[in-house]
file start_34.cif (mmCIF, C-alpha atoms (C1' of nucleotides))
data_model
loop_
_atom_site.group_PDB
_atom_site.id
_atom_site.type_symbol
_atom_site.label_atom_id
_atom_site.label_comp_id
_atom_site.auth_asym_id
_atom_site.auth_seq_id
_atom_site.Cartn_x
_atom_site.Cartn_y
_atom_site.Cartn_z
ATOM 1 C CA MET A 233 96.934 110.609 105.836
ATOM 2 C CA THR A 234 95.896 107.402 107.461
ATOM 3 C CA GLU A 235 97.584 106.562 110.742
ATOM 4 C CA ARG A 236 99.615 103.428 110.653
ATOM 5 C CA PRO A 237 99.218 100.591 113.166
ATOM 6 C CA VAL A 238 101.296 100.875 116.310
ATOM 7 C CA PRO A 239 103.497 98.038 117.578
ATOM 8 C CA LEU A 240 102.074 96.271 120.585
ATOM 9 C CA LEU A 241 103.503 97.009 123.996
ATOM 10 C CA ARG A 242 104.631 93.866 125.636
ATOM 11 C CA GLY A 243 101.948 92.412 127.834
ATOM 12 C CA THR A 244 98.967 94.262 126.455
ATOM 13 C CA LEU A 245 98.012 91.571 123.983
ATOM 14 C CA ASP A 246 96.950 89.120 126.682
ATOM 15 C CA VAL A 247 94.348 91.401 128.176
ATOM 16 C CA MET A 248 92.932 92.164 124.726
ATOM 17 C CA ILE A 249 92.609 88.476 123.944
ATOM 18 C CA LEU A 250 90.900 87.769 127.251
ATOM 19 C CA LYS A 251 88.516 90.628 126.609
ATOM 20 C CA ALA A 252 87.803 89.412 123.091
ATOM 21 C CA VAL A 253 86.612 86.015 124.291
ATOM 22 C CA SER A 254 84.822 87.362 127.358
ATOM 23 C CA GLY A 255 81.473 87.429 125.562
ATOM 24 C CA GLY A 256 81.656 83.881 124.322
ATOM 25 C CA SER A 257 84.039 81.514 122.582
ATOM 26 C CA MET A 258 85.957 82.802 119.606
ATOM 27 C CA HIS A 259 88.684 81.438 117.374
ATOM 28 C CA GLY A 260 92.135 82.930 116.979
ATOM 29 C CA TYR A 261 91.626 84.564 113.642
ATOM 30 C CA GLY A 262 88.366 86.012 114.916
ATOM 31 C CA VAL A 263 90.137 87.504 117.915
ATOM 32 C CA SER A 264 92.608 89.174 115.612
ATOM 33 C CA ARG A 265 89.815 90.518 113.370
ATOM 34 C CA TRP A 266 87.830 91.779 116.335
ATOM 35 C CA ILE A 267 90.802 93.660 117.790
ATOM 36 C CA ALA A 268 91.574 95.270 114.443
ATOM 37 C CA GLU A 269 87.960 96.322 113.927
ATOM 38 C CA THR A 270 87.482 97.573 117.462
ATOM 39 C CA THR A 271 90.629 99.690 117.313
ATOM 40 C CA ASP A 272 90.012 100.889 113.759
ATOM 41 C CA ASP A 273 93.227 99.096 112.723
ATOM 42 C CA THR A 274 95.361 100.821 115.334
ATOM 43 C CA PHE A 275 96.331 97.326 116.449
ATOM 44 C CA GLU A 276 97.058 94.667 113.868
ATOM 45 C CA VAL A 277 97.896 91.528 115.767
ATOM 46 C CA GLN A 278 100.517 89.481 113.948
ATOM 47 C CA GLU A 279 100.067 85.725 113.793
ATOM 48 C CA GLY A 280 103.484 85.260 115.336
ATOM 49 C CA ALA A 281 102.235 87.069 118.419
ATOM 50 C CA LEU A 282 98.658 85.830 118.384
ATOM 51 C CA TYR A 283 98.999 82.067 118.299
ATOM 52 C CA PRO A 284 101.797 81.773 120.841
ATOM 53 C CA ALA A 285 99.813 84.092 123.119
ATOM 54 C CA LEU A 286 96.734 81.886 122.865
ATOM 55 C CA ARG A 287 98.860 78.858 123.750
ATOM 56 C CA ARG A 288 100.376 80.662 126.715
ATOM 57 C CA LEU A 289 96.998 81.707 128.049
ATOM 58 C CA GLU A 290 95.694 78.182 127.690
ATOM 59 C CA GLN A 291 98.792 76.794 129.397
ATOM 60 C CA LYS A 292 98.230 79.206 132.268
ATOM 61 C CA GLY A 293 94.674 77.948 132.583
ATOM 62 C CA LEU A 294 93.063 81.233 131.586
ATOM 63 C CA LEU A 295 91.647 79.817 128.374
ATOM 64 C CA GLU A 296 90.319 76.492 127.192
ATOM 65 C CA SER A 297 90.114 75.458 123.565
ATOM 66 C CA GLU A 298 88.475 72.943 121.323
ATOM 67 C CA TRP A 299 88.231 72.440 117.584
ATOM 68 C CA GLY A 300 85.029 73.502 115.942
ATOM 69 C CA VAL A 301 83.590 74.635 112.636
ATOM 70 C CA THR A 302 82.887 78.210 111.591
ATOM 71 C CA GLU A 303 79.637 79.439 110.097
ATOM 72 C CA THR A 304 81.309 79.199 106.713
ATOM 73 C CA GLY A 305 82.271 75.590 107.241
ATOM 74 C CA ARG A 306 85.952 75.994 108.066
ATOM 75 C CA GLU A 307 87.785 74.295 110.897
ATOM 76 C CA ALA A 308 89.007 76.576 113.661
ATOM 77 C CA ARG A 309 90.134 76.313 117.238
ATOM 78 C CA TYR A 310 87.683 77.987 119.581
ATOM 79 C CA TYR A 311 88.842 79.539 122.837
ATOM 80 C CA THR A 312 86.739 80.054 125.926
ATOM 81 C CA LEU A 313 87.436 81.952 129.151
ATOM 82 C CA THR A 314 87.859 79.817 132.254
ATOM 83 C CA GLU A 315 86.950 81.081 135.708
ATOM 84 C CA ALA A 316 90.631 81.847 136.260
ATOM 85 C CA GLY A 317 90.593 83.668 132.946
ATOM 86 C CA ARG A 318 87.719 85.846 134.046
ATOM 87 C CA ALA A 319 89.568 86.730 137.231
ATOM 88 C CA GLY A 320 92.736 87.273 135.231
ATOM 89 C CA LEU A 321 90.920 89.675 132.932
ATOM 90 C CA ARG A 322 89.653 91.744 135.862
ATOM 91 C CA SER A 323 93.110 91.776 137.366
ATOM 92 C CA GLU A 324 94.800 92.805 134.139
ATOM 93 C CA VAL A 325 92.281 95.556 133.528
ATOM 94 C CA ARG A 326 92.987 96.975 136.994
ATOM 95 C CA MET A 327 96.709 96.781 136.271
ATOM 96 C CA TRP A 328 96.271 98.591 132.973
ATOM 97 C CA THR A 329 94.181 101.277 134.659
ATOM 98 C CA ARG A 330 96.874 101.872 137.240
ATOM 99 C CA TYR A 331 99.451 101.979 134.487
ATOM 100 C CA VAL A 332 97.560 104.570 132.491
ATOM 101 C CA GLU A 333 96.984 106.719 135.573
ATOM 102 C CA ALA A 334 100.643 106.629 136.503
ATOM 103 C CA MET A 335 101.740 107.432 132.949
ATOM 104 C CA SER A 336 99.222 110.222 132.891
ATOM 105 C CA ARG A 337 100.761 111.774 136.001
ATOM 106 C CA VAL A 338 104.200 111.561 134.413
ATOM 107 C CA LEU A 339 103.146 113.079 131.114
ATOM 108 C CA ARG A 340 101.109 115.863 132.677
ATOM 109 C CA ALA A 341 103.680 116.650 135.342
ATOM 110 C CA MET A 342 105.874 119.699 135.240
ATOM 111 C CA ALA A 343 109.361 118.285 134.946
ATOM 112 C CA PRO A 344 111.644 120.116 137.357
ATOM 113 C CA ALA A 345 113.476 123.071 135.885
ATOM 114 C CA GLY A 346 116.876 121.473 136.072
ATOM 115 C CA GLY A 347 119.529 122.805 138.363
ATOM 116 C CA GLY A 348 121.502 122.562 135.167
ATOM 117 C CA VAL A 349 124.826 120.804 135.117
ATOM 118 C CA MET B 100 97.222 97.741 151.763
ATOM 119 C CA THR B 101 99.830 99.480 149.689
ATOM 120 C CA GLU B 102 99.803 98.699 145.989
ATOM 121 C CA ARG B 103 103.013 97.232 144.735
ATOM 122 C CA PRO B 104 104.961 98.684 141.826
ATOM 123 C CA VAL B 105 103.972 97.413 138.409
ATOM 124 C CA PRO B 106 106.513 96.074 135.918
ATOM 125 C CA LEU B 107 107.243 98.451 133.080
ATOM 126 C CA LEU B 108 105.687 97.755 129.718
ATOM 127 C CA ARG B 109 108.289 97.586 127.064
ATOM 128 C CA GLY B 110 108.712 100.910 125.355
ATOM 129 C CA THR B 111 107.121 103.174 127.927
ATOM 130 C CA LEU B 112 110.319 103.941 129.804
ATOM 131 C CA ASP B 113 111.772 106.047 127.001
ATOM 132 C CA VAL B 114 108.946 108.543 126.947
ATOM 133 C CA MET B 115 109.097 108.899 130.741
ATOM 134 C CA ILE B 116 112.801 109.624 130.599
ATOM 135 C CA LEU B 117 112.361 112.199 127.848
ATOM 136 C CA LYS B 118 109.617 113.855 129.860
ATOM 137 C CA ALA B 119 111.747 113.861 132.999
ATOM 138 C CA VAL B 120 114.519 115.843 131.359
ATOM 139 C CA SER B 121 112.190 118.104 129.391
ATOM 140 C CA GLY B 122 112.350 120.846 132.015
ATOM 141 C CA GLY B 123 116.116 120.939 132.188
ATOM 142 C CA SER B 124 119.084 118.634 132.514
ATOM 143 C CA MET B 125 118.897 115.852 135.046
ATOM 144 C CA HIS B 126 121.093 112.916 135.976
ATOM 145 C CA GLY B 127 120.080 109.272 135.739
ATOM 146 C CA TYR B 128 119.448 108.666 139.385
ATOM 147 C CA GLY B 129 117.419 111.865 139.506
ATOM 148 C CA VAL B 130 115.270 110.657 136.618
ATOM 149 C CA SER B 131 114.576 107.455 138.477
ATOM 150 C CA ARG B 132 113.694 109.349 141.684
ATOM 151 C CA TRP B 133 111.459 111.768 139.830
ATOM 152 C CA ILE B 134 109.509 108.981 138.136
ATOM 153 C CA ALA B 135 109.026 107.155 141.424
ATOM 154 C CA GLU B 136 107.853 110.314 143.197
ATOM 155 C CA THR B 137 105.587 111.424 140.380
ATOM 156 C CA THR B 138 103.892 108.036 140.191
ATOM 157 C CA ASP B 139 103.738 107.540 143.957
ATOM 158 C CA ASP B 140 106.020 104.527 143.543
ATOM 159 C CA THR B 141 103.825 102.847 140.966
ATOM 160 C CA PHE B 142 106.903 102.766 138.767
ATOM 161 C CA GLU B 143 110.247 101.867 140.265
ATOM 162 C CA VAL B 144 112.753 102.053 137.456
ATOM 163 C CA GLN B 145 115.477 99.453 137.878
ATOM 164 C CA GLU B 146 119.062 100.459 137.177
ATOM 165 C CA GLY B 147 119.358 97.662 134.652
ATOM 166 C CA ALA B 148 116.608 99.309 132.644
ATOM 167 C CA LEU B 149 117.483 102.934 133.364
ATOM 168 C CA TYR B 150 121.109 103.194 132.348
ATOM 169 C CA PRO B 151 120.884 101.198 129.125
ATOM 170 C CA ALA B 152 117.835 103.286 128.196
ATOM 171 C CA LEU B 153 119.751 106.524 128.727
ATOM 172 C CA ARG B 154 122.548 105.195 126.519
ATOM 173 C CA ARG B 155 120.074 104.171 123.845
ATOM 174 C CA LEU B 156 118.422 107.575 123.836
ATOM 175 C CA GLU B 157 121.770 109.291 123.614
ATOM 176 C CA GLN B 158 122.853 106.985 120.808
ATOM 177 C CA LYS B 159 119.674 107.848 118.937
ATOM 178 C CA GLY B 160 120.488 111.517 119.338
ATOM 179 C CA LEU B 161 117.513 112.292 121.558
ATOM 180 C CA LEU B 162 119.678 113.064 124.578
ATOM 181 C CA GLU B 163 123.075 114.589 125.174
ATOM 182 C CA SER B 164 125.101 114.045 128.319
ATOM 183 C CA GLU B 165 128.021 115.453 130.213
ATOM 184 C CA TRP B 166 129.540 114.851 133.604
ATOM 185 C CA GLY B 167 128.735 117.331 136.320
ATOM 186 C CA VAL B 168 128.506 117.700 140.054
ATOM 187 C CA THR B 169 125.344 117.529 142.145
ATOM 188 C CA GLU B 170 124.338 120.066 144.780
ATOM 189 C CA THR B 171 125.696 117.655 147.361
ATOM 190 C CA GLY B 172 129.045 117.446 145.647
ATOM 191 C CA ARG B 173 128.758 114.086 143.947
ATOM 192 C CA GLU B 174 129.694 113.315 140.379
ATOM 193 C CA ALA B 175 126.837 112.486 138.073
ATOM 194 C CA ARG B 176 126.123 112.329 134.365
ATOM 195 C CA TYR B 177 123.629 114.981 133.341
ATOM 196 C CA TYR B 178 121.311 114.422 130.406
ATOM 197 C CA THR B 179 119.737 117.128 128.280
ATOM 198 C CA LEU B 180 117.059 116.937 125.588
ATOM 199 C CA THR B 181 118.223 117.662 122.067
ATOM 200 C CA GLU B 182 115.941 119.179 119.470
ATOM 201 C CA ALA B 183 115.380 115.703 118.095
ATOM 202 C CA GLY B 184 114.606 114.593 121.628
ATOM 203 C CA ARG B 185 111.943 117.259 121.997
ATOM 204 C CA ALA B 186 110.356 116.137 118.739
ATOM 205 C CA GLY B 187 110.704 112.529 119.848
ATOM 206 C CA LEU B 188 108.925 113.299 123.092
ATOM 207 C CA ARG B 189 105.989 114.877 121.279
ATOM 208 C CA SER B 190 105.837 111.959 118.909
ATOM 209 C CA GLU B 191 105.945 109.375 121.673
ATOM 210 C CA VAL B 192 103.279 111.167 123.653
ATOM 211 C CA ARG B 193 101.002 111.106 120.618
ATOM 212 C CA MET B 194 101.746 107.420 120.177
ATOM 213 C CA TRP B 195 100.920 106.725 123.817
ATOM 214 C CA THR B 196 97.686 108.672 123.529
ATOM 215 C CA ARG B 197 96.652 106.644 120.509
ATOM 216 C CA TYR B 198 97.574 103.478 122.348
ATOM 217 C CA VAL B 199 95.497 104.363 125.376
ATOM 218 C CA GLU B 200 92.515 105.307 123.242
ATOM 219 C CA ALA B 201 92.690 102.066 121.294
ATOM 220 C CA MET B 202 93.034 100.002 124.471
ATOM 221 C CA SER B 203 90.157 101.902 125.934
ATOM 222 C CA ARG B 204 87.953 100.969 123.010
ATOM 223 C CA VAL B 205 88.910 97.335 123.416
ATOM 224 C CA LEU B 206 88.299 97.236 127.148
ATOM 225 C CA ARG B 207 85.007 99.110 126.985
ATOM 226 C CA ALA B 208 83.731 97.216 123.975
ATOM 227 C CA MET B 209 81.053 94.595 124.187
ATOM 228 C CA ALA B 210 82.787 91.444 123.089
ATOM 229 C CA PRO B 211 80.554 89.585 120.659
ATOM 230 C CA ALA B 212 78.317 86.975 122.223
ATOM 231 C CA GLY B 213 80.078 84.048 120.652
ATOM 232 C CA GLY B 214 78.399 81.898 118.102
ATOM 233 C CA GLY B 215 79.714 79.227 120.419
ATOM 234 C CA VAL B 216 81.676 76.302 119.088
ATOM 235 C "C1'" DC C 263 88.435 75.588 85.471
ATOM 236 C "C1'" DC C 264 92.036 78.245 87.507
ATOM 237 C "C1'" DC C 265 93.872 81.705 90.235
ATOM 238 C "C1'" DG C 266 93.856 85.344 93.506
ATOM 239 C "C1'" DT C 267 92.175 86.688 97.985
ATOM 240 C "C1'" DA C 268 90.507 85.876 102.458
ATOM 241 C "C1'" DT C 269 90.296 82.675 105.987
ATOM 242 C "C1'" DA C 270 92.652 79.756 109.564
ATOM 243 C "C1'" DC C 271 96.413 77.669 111.882
ATOM 244 C "C1'" DA C 272 101.362 77.121 113.111
ATOM 245 C "C1'" DT C 273 106.410 77.673 114.022
ATOM 246 C "C1'" DA C 274 111.333 79.122 113.623
ATOM 247 C "C1'" DG C 275 114.496 82.886 114.051
ATOM 248 C "C1'" DA C 276 115.629 87.432 115.327
ATOM 249 C "C1'" DA C 277 115.219 91.567 117.906
ATOM 250 C "C1'" DA C 278 114.180 94.358 121.725
ATOM 251 C "C1'" DC C 279 113.768 95.570 126.269
ATOM 252 C "C1'" DA C 280 112.865 94.730 131.363
ATOM 253 C "C1'" DT C 281 114.382 92.140 135.392
ATOM 254 C "C1'" DT C 282 117.665 90.133 138.452
ATOM 255 C "C1'" DA C 283 121.991 90.114 140.228
ATOM 256 C "C1'" DT C 284 126.211 91.980 140.940
ATOM 257 C "C1'" DG C 285 129.996 95.335 141.172
ATOM 258 C "C1'" DT C 286 132.336 99.940 142.103
ATOM 259 C "C1'" DA C 287 132.559 104.192 144.774
ATOM 260 C "C1'" DT C 288 131.451 108.206 147.884
ATOM 261 C "C1'" DA C 289 128.785 111.220 151.275
ATOM 262 C "C1'" DG C 290 126.698 111.552 155.482
ATOM 263 C "C1'" DA C 291 124.414 109.900 159.531
ATOM 264 C "C1'" DA C 292 124.235 106.878 163.551
ATOM 265 C "C1'" DT D 46 133.012 102.343 161.510
ATOM 266 C "C1'" DT D 47 129.143 100.708 159.806
ATOM 267 C "C1'" DC D 48 124.879 101.368 157.525
ATOM 268 C "C1'" DT D 49 122.028 103.835 154.222
ATOM 269 C "C1'" DA D 50 121.382 106.697 150.320
ATOM 270 C "C1'" DT D 51 123.365 108.318 146.290
ATOM 271 C "C1'" DA D 52 125.314 107.455 141.588
ATOM 272 C "C1'" DC D 53 126.914 104.768 137.822
ATOM 273 C "C1'" DA D 54 127.453 100.400 135.156
ATOM 274 C "C1'" DT D 55 127.104 95.715 133.028
ATOM 275 C "C1'" DA D 56 126.286 90.638 132.421
ATOM 276 C "C1'" DA D 57 122.956 87.029 132.343
ATOM 277 C "C1'" DT D 58 118.349 85.780 131.916
ATOM 278 C "C1'" DG D 59 113.604 85.847 130.449
ATOM 279 C "C1'" DT D 60 109.589 87.177 127.981
ATOM 280 C "C1'" DT D 61 107.229 88.804 124.294
ATOM 281 C "C1'" DT D 62 106.723 90.774 119.812
ATOM 282 C "C1'" DC D 63 107.929 90.931 114.902
ATOM 283 C "C1'" DT D 64 109.347 88.962 110.455
ATOM 284 C "C1'" DA D 65 109.218 85.394 107.538
ATOM 285 C "C1'" DT D 66 107.630 81.226 106.050
ATOM 286 C "C1'" DG D 67 104.707 77.178 105.514
ATOM 287 C "C1'" DT D 68 100.280 74.445 105.089
ATOM 288 C "C1'" DA D 69 95.461 74.189 103.695
ATOM 289 C "C1'" DT D 70 90.649 75.365 102.314
ATOM 290 C "C1'" DA D 71 86.547 78.330 100.724
ATOM 291 C "C1'" DC D 72 84.915 81.292 97.381
ATOM 292 C "C1'" DG D 73 84.343 84.413 93.594
ATOM 293 C "C1'" DG D 74 85.768 86.355 89.084
ATOM 294 C "C1'" DG D 75 87.530 85.805 84.711
#
call {"tool": "encode", "arguments": {"input": "start_34.cif", "output": "structure tokens"}}
result
Amino acid sequence: MTERPVPLLRGTLDVMILKAVSGGSMHGYGVSRWIAETTDDTFEVQEGALYPALRRLEQKGLLESEWGVTETGREARYYTLTEAGRAGLRSEVRMWTRYVEAMSRVLRAMAPAGGGV
Amino acid sequence: MTERPVPLLRGTLDVMILKAVSGGSMHGYGVSRWIAETTDDTFEVQEGALYPALRRLEQKGLLESEWGVTETGREARYYTLTEAGRAGLRSEVRMWTRYVEAMSRVLRAMAPAGGGV
DNA sequence: CCCGTATACATAGAAACATTATGTATAGAA
DNA sequence: TTCTATACATAATGTTTCTATGTATACGGG
């Protein structure tokens, strides 16, 4: 019984994209492939989320892009992290860490034995 | 330097609410207080998110509600987990766990040293 | 040679949920 | 009596994801 992909939680795509390009420039389709492979298909980034997200991040100055050619001779738009993007990645990772810790406290907590109605 | 509350990621409020009432019935405001206390104010659930979420969960059959009176003599709507709600909580916790693990793989991964443009 | 699949980009429309702002009302303290 | 905390509720707004659709090319199998 293979587990199906989970829908993305709003906001978590950006940090994954930034991480994906943090090792060097990558094109959009490559980002999507890398995320799917890295998460063993837990996340399958839809194009309708991916491409607008890349545009947003570029608009915010976290990414820069230019057209290039893949190893297989296809045209693709390559994205690179800017300095602001690198800082943004660190910041978003910290935010995610805080989020996970807080959720962890909630889910591990003993919910109060209600005073009832 | 106190850390400010983080905005909620879409979808994570439901599981926190279900967890909050898992020990016994609780009213909306109490849920919000409990989440804030448990997370040391990392999450501050806004009313505009809280009350619609409670309605949604009731509509889905995960919660039941009835009016009651607090210890201090105020009227409040008390929410209780249904059987479906208990199953839903387990399911959402599993989903969250998968999500965190997948994100963790992404954030720890070595992003490929780009072939450049 | 043609056709299916994978690659690669893009956008429009719909849906979902959080935030902001606002409103009502009461208990209790200052 | 005025301010704060408690308790509920909704409308308007904004952001992001999902679904669906479209274009186009490379490549391999039949």
call {"tool": "resolve_selection", "arguments": {"input": "start_34.cif", "expression": "the PyMOL selection byres ((chain C) within 10 of (chain A))", "output": "list in words"}}
result
DT269, DA270, DC271, DA272, DT273 and DC279 of chain C
call {"tool": "interface_residues", "arguments": {"input": "start_34.cif", "of": "chain D", "to": "chain A", "cutoff": "9 Å", "atoms": "all atoms listed in the file", "output": "VMD selection string"}}
result
chain D and resid 60 to 64 70 to 71
call {"tool": "closest_atom_pairs", "arguments": {"input": "start_34.cif", "of": "chain A", "to": "chain B", "cutoff": "6 Å", "atoms": "all atoms listed in the file", "output": "JSON lines"}}
result
{"residue": "A:Leu241", "atom": "CA", "partner": "B:Arg109", "partner_atom": "CA", "distance": 5.7}
{"residue": "A:Arg242", "atom": "CA", "partner": "B:Arg109", "partner_atom": "CA", "distance": 5.4}
{"residue": "A:Ala252", "atom": "CA", "partner": "B:Ala210", "partner_atom": "CA", "distance": 5.4}
{"residue": "A:Gly255", "atom": "CA", "partner": "B:Ala212", "partner_atom": "CA", "distance": 4.6}
{"residue": "A:Gly256", "atom": "CA", "partner": "B:Gly213", "partner_atom": "CA", "distance": 4.0}
{"residue": "A:Ser257", "atom": "CA", "partner": "B:Gly213", "partner_atom": "CA", "distance": 5.1}
{"residue": "A:Thr271", "atom": "CA", "partner": "B:Ala201", "partner_atom": "CA", "distance": 5.1}
{"residue": "A:Gly300", "atom": "CA", "partner": "B:Val216", "partner_atom": "CA", "distance": 5.4}
{"residue": "A:Ala334", "atom": "CA", "partner": "B:Thr138", "partner_atom": "CA", "distance": 5.1}
{"residue": "A:Ala343", "atom": "CA", "partner": "B:Gly122", "partner_atom": "CA", "distance": 4.9}
{"residue": "A:Pro344", "atom": "CA", "partner": "B:Gly122", "partner_atom": "CA", "distance": 5.4}
{"residue": "A:Ala345", "atom": "CA", "partner": "B:Gly122", "partner_atom": "CA", "distance": 4.6}
{"residue": "A:Gly346", "atom": "CA", "partner": "B:Gly123", "partner_atom": "CA", "distance": 4.0}
{"residue": "A:Gly348", "atom": "CA", "partner": "B:Ser124", "partner_atom": "CA", "distance": 5.3}
{"residue": "A:Val349", "atom": "CA", "partner": "B:Gly167", "partner_atom": "CA", "distance": 5.4}
call {"tool": "residues_near_point", "arguments": {"input": "start_34.cif", "point": "(128.2, 110.5, 148.5)", "cutoff": "6 Å", "atoms": "all atoms listed in the file", "output": "MDAnalysis selection string"}}
result
(chainID B and resid 173) or (chainID C and resid 288:289) or (chainID D and resid 51)
call {"tool": "atom_distance", "arguments": {"input": "start_34.cif", "atom1": "atom C1' of DG290 of chain C", "atom2": "atom C1' of DC48 of chain D"}}
result
10.5 Å
call {"tool": "atom_distance", "arguments": {"input": "start_34.cif", "atom1": "atom C1' of DA268 of chain C", "atom2": "atom CA of Glu276 of chain A"}}
result
15.8 Å
call {"tool": "axis_aligned_box", "arguments": {"input": "start_34.cif", "around": "segment 276-287 of chain C", "padding_each_side": "4 Å", "output": "JSON"}}
result
{"center_x": 122.7, "center_y": 95.8, "center_z": 130.1, "size_x": 27.7, "size_y": 24.8, "size_z": 37.4}
call {"tool": "atom_distance", "arguments": {"input": "start_34.cif", "atom1": "atom CA of Leu294 of chain A", "atom2": "atom CA of Arg326 of chain A"}}
result
16.6 Å
call {"tool": "resolve_selection", "arguments": {"input": "start_34.cif", "expression": "the PyMOL selection byres ((chain C and resi 266) around 10)", "output": "JSON, numbers by chain"}}
result
{"C": [264, 265, 267, 268], "D": [73, 74]}
call {"tool": "resolve_selection", "arguments": {"input": "start_34.cif", "expression": "the PyMOL selection byres ((chain C and resi 283) around 10)", "output": "PyMOL selection string"}}
result
(chain B and resi 147) or (chain C and resi 281-282+284-285) or (chain D and resi 56-57)
call {"tool": "build_atoms", "arguments": {"input": "start_34.cif", "residues": "segment 312-328 of chain A", "atoms": "N, CA and C atoms", "output": "tab-separated table (two decimals), keeping the file's coordinate frame"}}
result
chain	number	residue	atom	x	y	z
A	312	THR	N	87.73	79.62	124.95
A	312	THR	CA	86.74	80.05	125.93
A	312	THR	C	87.44	80.49	127.20
A	313	LEU	N	86.89	81.50	127.87
A	313	LEU	CA	87.44	81.95	129.15
A	313	LEU	C	87.12	80.93	130.24
A	314	THR	N	88.11	80.61	131.05
A	314	THR	CA	87.86	79.82	132.25
A	314	THR	C	87.51	80.78	133.39
A	315	GLU	N	87.19	80.23	134.54
A	315	GLU	CA	86.95	81.08	135.71
A	315	GLU	C	88.21	81.87	136.04
A	316	ALA	N	89.35	81.18	136.00
A	316	ALA	CA	90.63	81.85	136.26
A	316	ALA	C	90.87	82.94	135.23
A	317	GLY	N	90.44	82.69	134.01
A	317	GLY	CA	90.59	83.67	132.95
A	317	GLY	C	89.77	84.92	133.20
A	318	ARG	N	88.58	84.71	133.75
A	318	ARG	CA	87.72	85.85	134.05
A	318	ARG	C	88.35	86.70	135.16
A	319	ALA	N	88.88	86.02	136.15
A	319	ALA	CA	89.57	86.73	137.23
A	319	ALA	C	90.82	87.41	136.69
A	320	GLY	N	91.53	86.71	135.83
A	320	GLY	CA	92.74	87.27	135.23
A	320	GLY	C	92.43	88.52	134.42
A	321	LEU	N	91.33	88.51	133.72
A	321	LEU	CA	90.92	89.68	132.93
A	321	LEU	C	90.67	90.87	133.85
A	322	ARG	N	89.91	90.65	134.92
A	322	ARG	CA	89.65	91.74	135.86
A	322	ARG	C	90.96	92.29	136.41
A	323	SER	N	91.83	91.39	136.78
A	323	SER	CA	93.11	91.78	137.37
A	323	SER	C	93.96	92.58	136.38
A	324	GLU	N	93.98	92.12	135.14
A	324	GLU	CA	94.80	92.80	134.14
A	324	GLU	C	94.22	94.16	133.77
A	325	VAL	N	92.91	94.26	133.81
A	325	VAL	CA	92.28	95.56	133.53
A	325	VAL	C	92.64	96.56	134.63
A	326	ARG	N	92.60	96.09	135.88
A	326	ARG	CA	92.99	96.98	136.99
A	326	ARG	C	94.43	97.43	136.82
A	327	MET	N	95.29	96.46	136.47
A	327	MET	CA	96.71	96.78	136.27
A	327	MET	C	96.88	97.84	135.18
A	328	TRP	N	96.19	97.65	134.08
A	328	TRP	CA	96.27	98.59	132.97
A	328	TRP	C	95.78	99.98	133.42
